[in-house]
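J.: Dumping the structure here so I can ask a few things about it.
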Amino acid sequence: MNQEIADIFNIIADILAAEGDNAFRPPAYRRAAEVLLGLGEDVRDYQKKHKFIDLPGIGKNIADKIEEYIETGKIKVYEEMKKKYPVDFAGLNKIADLGPKRIIKLYNELGIRNGSELKKALESGAVEQLEGFGPKLVANLHKNIEMTADWQKRFLLDEAEYTADVLREVLKKAKQIEFAGSFRRRKDTVGDLDVLLLGIKQAEILPMLKKADLVKKAILDGERKTSVILPNNMQADLRVFDKDEWGAACQYFTGSKEHNIALRTLVVRKGWKLNEYGLFKGEKRLAGASEEGIYEKLGLKWIPPEIREARGEIDLAAKNQLPKLVEEKDIKGDVHLHTNYSDGRDKLVNLVKLAKIMKYEYLCTADHVGNLQVANPITASELKKLRAEAAAVNFPVLIGCEANIRKEGGIDISDQEAEKFDWVIASVHSGFRLSKEEQTQRLLKTMGSPHIKAIGHPTGRLLPARYSIEADWEPIFRKAADRHIALEINAQPDRLDLPDGLIKMAKDLGVKFAIGSDAHSTDGMDVMHFGVGQARRGWLTKDDVLNCWGLKKMIEWLGGRL
DNA sequence: GCCGTTTTCGGCCCGACTGTTTTCAGTCG
């Protein structure tokens with residue numbers, strides 16, 4: 001429901017912006033939309049324990065509208081706006097160069113309500129008759145309307161990372177390069193790449209990209225900014241900065257927007273100014289060469305990019321109480337690996353070889369078992385072979401399994417079968433569309449099973465945007481904490497499950513986590529850093545993560561049930 | 001529409017770029 005309300009707020013913001021009476025109302029609605037999306041739980045659950053008005057950026061007016069939507073499924077103000085402008089705002093807004101003002105103008109003057117009507121009007125020549133719609137803008141709209149659908153999508157982190165590596169190579173002439181934005185914050189999906197460069201001329205960039213055949217479309221090329229669409233339809237914005245601006249640029253373009261606005265509130269209070277070039281008192285530069293310097297001048301500890309989301313990090317930085325977030329080097333073992341005995345491609349001995357190179361201290365396998373729509377579950381005789389292989393590798397290996405959670409709760413193998421494994425992950429692989437109540441009961445019941453040590457990819461979501469089960473997470477998290485059952489943070493870039501908001505909520509309820517690669521071959525083991533990034537976005541320290549503890553302590557916490 | 005260690009009113013983050021203008025509006029991040 002959060003998404004539904006956020007969408008409505010964004011459209012209200014668009015319409016208010018187009019009508020243009022008070023320029024500060026639209027951002028208020030947009031901020032409220034962001035806050036709802038970052039809430040970590042459904043507004044209906046949140047409402048039971050808290051008041052919306054206590055959330056930052058949400059006042060009486062917007063709180064009333066949220067409650068109105070929960071009660072009636074509608075927001076009156078929005079319904080009236082829809083009558084006045086029966087327009088597909090969300091769709092039209094995705095077209096580049098088209099914002100609220102132009103959308104309203106197109107509707108008022110030509111009655112255009114959606115993309116296909118716009119296309120017809122462009123083709124008939126009606127649009128170029130409008131004041132303010134010159135030949136270049138019309139030509140751009142023609143092109144944009146065709147391409148927009150492709151470049152609007154969000155990308156998985158691994159594709160963004162690969163793209164960044166390509167750009168880094170092509171632009172290696174630069175002395176320094178940083179990929180800022182949501183990529184640096186390790187958000188689960190990335191819309192574009194913000195590329196910051198040092199020691200190179202802005203005018204050199206577009207030619208270098210063109211020479212490397214990386215420009216599908218040049219959007220703009222100015223004195224301080226170059227924007228292109230790359231061949232994979234990802235947008236890259238590239239900007240060059242000086243050495244004494246570098247930290248300010250990194251800070252500014254890493255965001256998030258909400259974090260930066262909150263930071264600027266502090267700055268304004270001191271009578272200073274903060275932009276992408278530095279922190280200034282009048283003309284005097286107080287800081288700018290390093291991010292640390294900027295935060296320090298503001299009386300704050302440096303804040304890791306992953307938690308710059310205006311979720312309380314600035315207050316804690318002021319009090320020097322930021323958590324020391326988990327790092328990739330803290331990971332002591334992988335806890336979710338498939339071998340060749342289920343649907344993995346590699347033998348245990350090869351997984352172990354790589355584990356040693358990665359400086360792990362142990363591995364936990366998690367081959368599929370059971371009878372619910374699973375590719376090639378491990379058999380009893382294969383389990384014996386795997387045990388023998390594990391005994392031979394001279395490296396600590398827990399032999400585990402990934403069992404399926406039944407529709408009615410519990411897992412699809414018996415207690416006797418489960419007992420044969422050292423480590424049992426229970427995962428939802430079916431029944432994604434059960435009701436919220438059924439889903440909640442199903443997970444609660446599953447956690448009553450005596451052998452389960454972890455819940456795998458708990459929401460079942462697949463990115464960039466597919467199903468995530470609906471459940472009332474609070475009682476589930478409470479039971480996980482109580483029963484010493486870990487929640488997995490699945491590091492696959494198309495899962496990153498749990499999502500960050502739920503991680504934070506679970507942590508606050510005392511839950512412990514296990515970051516698993518879910519690798520199906522040695523190649524798949526290198527995704528661990530994505531899982532660590534996700535854990536950091538959920539404010540986790542190494543104390544929160546089982547596989548940062550060492551095997552002995554982890555087993556103790558699990559109750560020695562091995 | 002939100003918010004408060006100058007304020008319950010009067011502020012609100014800030015700059016770049018393009019296109020359509022002839023000094024600025026709209027979009028974007």
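Residues are referred to by chain and number: the chain letter is A, B, ... according to the order shown in the structure tokens, the number counts from 1 in that chain, and ligands are numbered separately from 1 in the order shown.
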Counting only C-alpha atoms (C1' of nucleotides), which residues of chain B come no farther than 9 Å from chain A, as a list in words?

T.: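 Therefore, the residues near the partner are DG1, DC2, DC3, DC12, DC13, DC14, DG15, DA16, DC17, DT18, DG19, DT20, DG26, DT27, DC28 and DG29 of chain B.
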
J.: Between atom CA of Gly299 of chain A and atom CA of Leu266 of chain A, what is the spacing in Å?

T.: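 Computing it gives 9.8 Å between the two atoms.
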
J.: Which distance in Å separates atom CA of Phe530 of chain A and atom CA of Ala491 of chain A, to one decimal?

T.: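 Separation between atom CA of Phe530 of chain A and atom CA of Ala491 of chain A: 5.5 Å.
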
J.: Would you pick out the contacts of Ser517 of chain A at 10 Å or less, using only C-alpha atoms (C1' of nucleotides), so that residues sharing its chain but fewer than 6 positions from it are not included, and give the list as a list in words?

T.: Asp334, Val335, His336, Leu337, His338, Glu488, Ile489, Asn490, Ala491, Gln492, Pro493, Leu496, Gly524, Met525, Asp526, Val527, Met528, His529, Phe530 and Gly531 of chain A

J.: Any chance you could tabulate, as a Markdown table, the residues of segment 202-303 of chain A at most 9 Å from segment 144-168 of chain A with each one's nearest atom pair and distance in Å to one decimal, using only C-alpha atoms, in chain and rising number order?

T.:
| residue | atom | partner | partner_atom | distance |
| --- | --- | --- | --- | --- |
| A:Leu209 | CA | A:Leu167 | CA | 8.3 |
| A:Leu214 | CA | A:Leu167 | CA | 8.7 |
| A:Ile229 | CA | A:Trp151 | CA | 7.7 |
| A:Leu230 | CA | A:Thr163 | CA | 8.9 |
| A:Asn232 | CA | A:Trp151 | CA | 8.6 |
| A:Asn233 | CA | A:Trp151 | CA | 5.0 |
| A:Met234 | CA | A:Trp151 | CA | 6.1 |
| A:Gln235 | CA | A:Trp151 | CA | 7.1 |

J.: Would you give me, as a VMD selection string, the residues in segment 336-555 of chain A that DSSP reads as strand (DSSP E or B)?

T.: chain A and resid 336 to 337 362 to 365 367 to 368 397 to 398 400 to 405 411 423 to 427 452 to 456 486 to 490 497 513 to 516 519 541 545

J.: Keeping C-alpha atoms, export the residues of the selection given above as an mmCIF file, in the first residue's frame.

T.:
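The resulting file, out-v7.cif, is shown below:
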data_model
loop_
_atom_site.group_PDB
_atom_site.id
_atom_site.type_symbol
_atom_site.label_atom_id
_atom_site.label_comp_id
_atom_site.auth_asym_id
_atom_site.auth_seq_id
_atom_site.Cartn_x
_atom_site.Cartn_y
_atom_site.Cartn_z
ATOM 1 C CA HIS A 336 24.571 -20.619 1.136
ATOM 2 C CA LEU A 337 26.329 -22.693 -1.534
ATOM 3 C CA TYR A 362 34.648 -22.200 6.598
ATOM 4 C CA LEU A 363 31.783 -22.915 4.196
ATOM 5 C CA CYS A 364 28.203 -24.070 4.623
ATOM 6 C CA THR A 365 26.645 -25.901 1.701
ATOM 7 C CA ASP A 367 21.814 -28.004 -1.559
ATOM 8 C CA HIS A 368 18.164 -28.217 -2.474
ATOM 9 C CA VAL A 397 32.557 -27.405 5.952
ATOM 10 C CA LEU A 398 29.046 -27.603 7.325
ATOM 11 C CA GLY A 400 23.511 -28.032 4.894
ATOM 12 C CA CYS A 401 20.417 -27.923 2.807
ATOM 13 C CA GLU A 402 17.896 -25.449 1.508
ATOM 14 C CA ALA A 403 14.439 -26.821 2.250
ATOM 15 C CA ASN A 404 11.193 -25.482 0.832
ATOM 16 C CA ILE A 405 8.565 -23.922 3.015
ATOM 17 C CA ILE A 411 9.358 -27.577 5.490
ATOM 18 C CA TRP A 423 22.613 -26.360 8.677
ATOM 19 C CA VAL A 424 19.059 -26.031 7.383
ATOM 20 C CA ILE A 425 17.861 -22.980 5.493
ATOM 21 C CA ALA A 426 14.098 -22.790 4.927
ATOM 22 C CA SER A 427 13.095 -20.778 1.870
ATOM 23 C CA ILE A 452 15.674 -24.730 11.002
ATOM 24 C CA LYS A 453 18.631 -22.388 11.464
ATOM 25 C CA ALA A 454 17.829 -19.714 8.906
ATOM 26 C CA ILE A 455 15.098 -18.349 6.648
ATOM 27 C CA GLY A 456 16.406 -17.927 3.105
ATOM 28 C CA ALA A 486 18.916 -16.198 11.418
ATOM 29 C CA LEU A 487 17.423 -14.271 8.534
ATOM 30 C CA GLU A 488 19.360 -14.544 5.328
ATOM 31 C CA ILE A 489 20.564 -11.555 3.379
ATOM 32 C CA ASN A 490 20.777 -13.195 -0.010
ATOM 33 C CA ASP A 497 16.663 -10.064 0.169
ATOM 34 C CA PHE A 513 21.519 -12.306 10.014
ATOM 35 C CA ALA A 514 23.490 -14.554 7.682
ATOM 36 C CA ILE A 515 24.787 -13.183 4.398
ATOM 37 C CA GLY A 516 24.754 -15.906 1.745
ATOM 38 C CA ALA A 519 26.216 -19.425 -5.444
ATOM 39 C CA THR A 541 27.555 -4.268 12.291
ATOM 40 C CA VAL A 545 25.952 -11.079 11.179
#

J.: Write out as a ChimeraX atom specification each polymer residue whose atoms come within 9 Å of Phe183 of chain A, counting only C-alpha atoms (C1' of nucleotides); drop sequence neighbours fewer than 3 positions from it.

T.: /A:157,160-161,179-180,186-194,254

J.: Take the selection from the previous step and output its residues with N, CA and C atoms, as a PDB file, in the first residue's frame.

T.:
ATOM      1  N   LEU A 157      22.661  -4.179  -9.548  1.00  0.00           N
ATOM      2  CA  LEU A 157      23.976  -3.679  -9.140  1.00  0.00           C
ATOM      3  C   LEU A 157      25.128  -4.317  -9.908  1.00  0.00           C
ATOM      4  N   ALA A 160      25.473  -2.548 -13.180  1.00  0.00           N
ATOM      5  CA  ALA A 160      26.012  -1.208 -12.933  1.00  0.00           C
ATOM      6  C   ALA A 160      27.510  -1.288 -12.645  1.00  0.00           C
ATOM      7  N   GLU A 161      27.889  -2.311 -11.893  1.00  0.00           N
ATOM      8  CA  GLU A 161      29.296  -2.453 -11.536  1.00  0.00           C
ATOM      9  C   GLU A 161      30.148  -2.769 -12.774  1.00  0.00           C
ATOM     10  N   PHE A 179      32.388   6.740  -8.745  1.00  0.00           N
ATOM     11  CA  PHE A 179      31.011   6.542  -9.178  1.00  0.00           C
ATOM     12  C   PHE A 179      30.127   6.827  -7.974  1.00  0.00           C
ATOM     13  N   ALA A 180      29.407   7.950  -8.012  1.00  0.00           N
ATOM     14  CA  ALA A 180      28.651   8.415  -6.852  1.00  0.00           C
ATOM     15  C   ALA A 180      27.211   7.913  -6.947  1.00  0.00           C
ATOM     16  N   ARG A 186      25.039   1.874  -2.729  1.00  0.00           N
ATOM     17  CA  ARG A 186      24.746   0.450  -2.824  1.00  0.00           C
ATOM     18  C   ARG A 186      23.255   0.158  -2.721  1.00  0.00           C
ATOM     19  N   LYS A 187      22.467   1.056  -3.313  1.00  0.00           N
ATOM     20  CA  LYS A 187      21.036   0.806  -3.358  1.00  0.00           C
ATOM     21  C   LYS A 187      20.778  -0.436  -4.204  1.00  0.00           C
ATOM     22  N   ASP A 188      19.661  -1.132  -3.934  1.00  0.00           N
ATOM     23  CA  ASP A 188      19.493  -2.444  -4.572  1.00  0.00           C
ATOM     24  C   ASP A 188      19.400  -2.371  -6.092  1.00  0.00           C
ATOM     25  N   THR A 189      18.852  -1.298  -6.621  1.00  0.00           N
ATOM     26  CA  THR A 189      18.900  -1.096  -8.067  1.00  0.00           C
ATOM     27  C   THR A 189      19.385   0.322  -8.348  1.00  0.00           C
ATOM     28  N   VAL A 190      19.919   0.502  -9.553  1.00  0.00           N
ATOM     29  CA  VAL A 190      20.556   1.777  -9.897  1.00  0.00           C
ATOM     30  C   VAL A 190      19.904   2.326 -11.155  1.00  0.00           C
ATOM     31  N   GLY A 191      19.527   3.600 -11.119  1.00  0.00           N
ATOM     32  CA  GLY A 191      18.887   4.208 -12.283  1.00  0.00           C
ATOM     33  C   GLY A 191      19.882   4.750 -13.286  1.00  0.00           C
ATOM     34  N   ASP A 192      20.967   5.346 -12.799  1.00  0.00           N
ATOM     35  CA  ASP A 192      22.000   5.854 -13.701  1.00  0.00           C
ATOM     36  C   ASP A 192      23.322   5.897 -12.947  1.00  0.00           C
ATOM     37  N   LEU A 193      24.382   6.237 -13.668  1.00  0.00           N
ATOM     38  CA  LEU A 193      25.697   6.336 -13.034  1.00  0.00           C
ATOM     39  C   LEU A 193      26.106   7.798 -12.975  1.00  0.00           C
ATOM     40  N   ASP A 194      26.486   8.263 -11.795  1.00  0.00           N
ATOM     41  CA  ASP A 194      27.045   9.607 -11.630  1.00  0.00           C
ATOM     42  C   ASP A 194      28.546   9.465 -11.557  1.00  0.00           C
ATOM     43  N   THR A 254      26.707  11.911  -4.186  1.00  0.00           N
ATOM     44  CA  THR A 254      26.372  10.621  -3.592  1.00  0.00           C
ATOM     45  C   THR A 254      24.969  10.660  -3.007  1.00  0.00           C
TER      46      THR A 254
END

J.: Grab the atom CA of Gly73 of chain A to atom CA of Leu55 of chain A distance for me, in Å with one decimal place.

T.: 21.3 Å

J.: Using only C-alpha atoms (C1' of nucleotides), which residues sit within 12 Å of Gly448 of chain A once same-chain residues fewer than 5 positions away are excluded, as an NGL selection string?

T.: :A and (409-411 or 415 or 426 or 441-443 or 453-455 or 476 or 479-480 or 482-485)

J.: Please, which residues of segment 173-207 of chain A, numbered as in this document, come out alpha helix (DSSP H) from DSSP, as a list of chain:residue names?

T.: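 Answer for segment 173-207 of chain A restricted to alpha helix (DSSP H) is A:Gly181, A:Ser182, A:Phe183, A:Arg184, A:Gln202, A:Ala203, A:Glu204, A:Ile205, A:Leu206, A:Pro207.
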
J.: With N, CA and C atoms kept, could you save the residues just selected as an mmCIF file, in the first residue's frame?

T.:
data_model
loop_
_atom_site.group_PDB
_atom_site.id
_atom_site.type_symbol
_atom_site.label_atom_id
_atom_site.label_comp_id
_atom_site.auth_asym_id
_atom_site.auth_seq_id
_atom_site.Cartn_x
_atom_site.Cartn_y
_atom_site.Cartn_z
ATOM 1 N N GLY A 181 26.276 8.709 -6.469
ATOM 2 C CA GLY A 181 24.860 8.379 -6.608
ATOM 3 C C GLY A 181 24.444 7.109 -5.881
ATOM 4 N N SER A 182 23.318 6.549 -6.338
ATOM 5 C CA SER A 182 22.778 5.374 -5.658
ATOM 6 C C SER A 182 23.708 4.174 -5.804
ATOM 7 N N PHE A 183 24.568 4.184 -6.820
ATOM 8 C CA PHE A 183 25.546 3.104 -6.977
ATOM 9 C C PHE A 183 26.512 3.089 -5.792
ATOM 10 N N ARG A 184 26.986 4.259 -5.394
ATOM 11 C CA ARG A 184 27.904 4.319 -4.258
ATOM 12 C C ARG A 184 27.173 4.030 -2.954
ATOM 13 N N GLN A 202 36.681 18.498 -19.299
ATOM 14 C CA GLN A 202 35.300 18.113 -19.594
ATOM 15 C C GLN A 202 35.114 17.853 -21.095
ATOM 16 N N ALA A 203 35.749 18.712 -21.919
ATOM 17 C CA ALA A 203 35.566 18.604 -23.371
ATOM 18 C C ALA A 203 36.156 17.327 -23.953
ATOM 19 N N GLU A 204 37.052 16.681 -23.201
ATOM 20 C CA GLU A 204 37.672 15.453 -23.709
ATOM 21 C C GLU A 204 36.748 14.247 -23.575
ATOM 22 N N ILE A 205 35.765 14.359 -22.677
ATOM 23 C CA ILE A 205 35.033 13.161 -22.258
ATOM 24 C C ILE A 205 34.185 12.566 -23.368
ATOM 25 N N LEU A 206 33.328 13.395 -23.973
ATOM 26 C CA LEU A 206 32.433 12.854 -25.002
ATOM 27 C C LEU A 206 33.211 12.217 -26.156
ATOM 28 N N PRO A 207 34.279 12.882 -26.662
ATOM 29 C CA PRO A 207 35.059 12.224 -27.719
ATOM 30 C C PRO A 207 35.629 10.876 -27.295
#
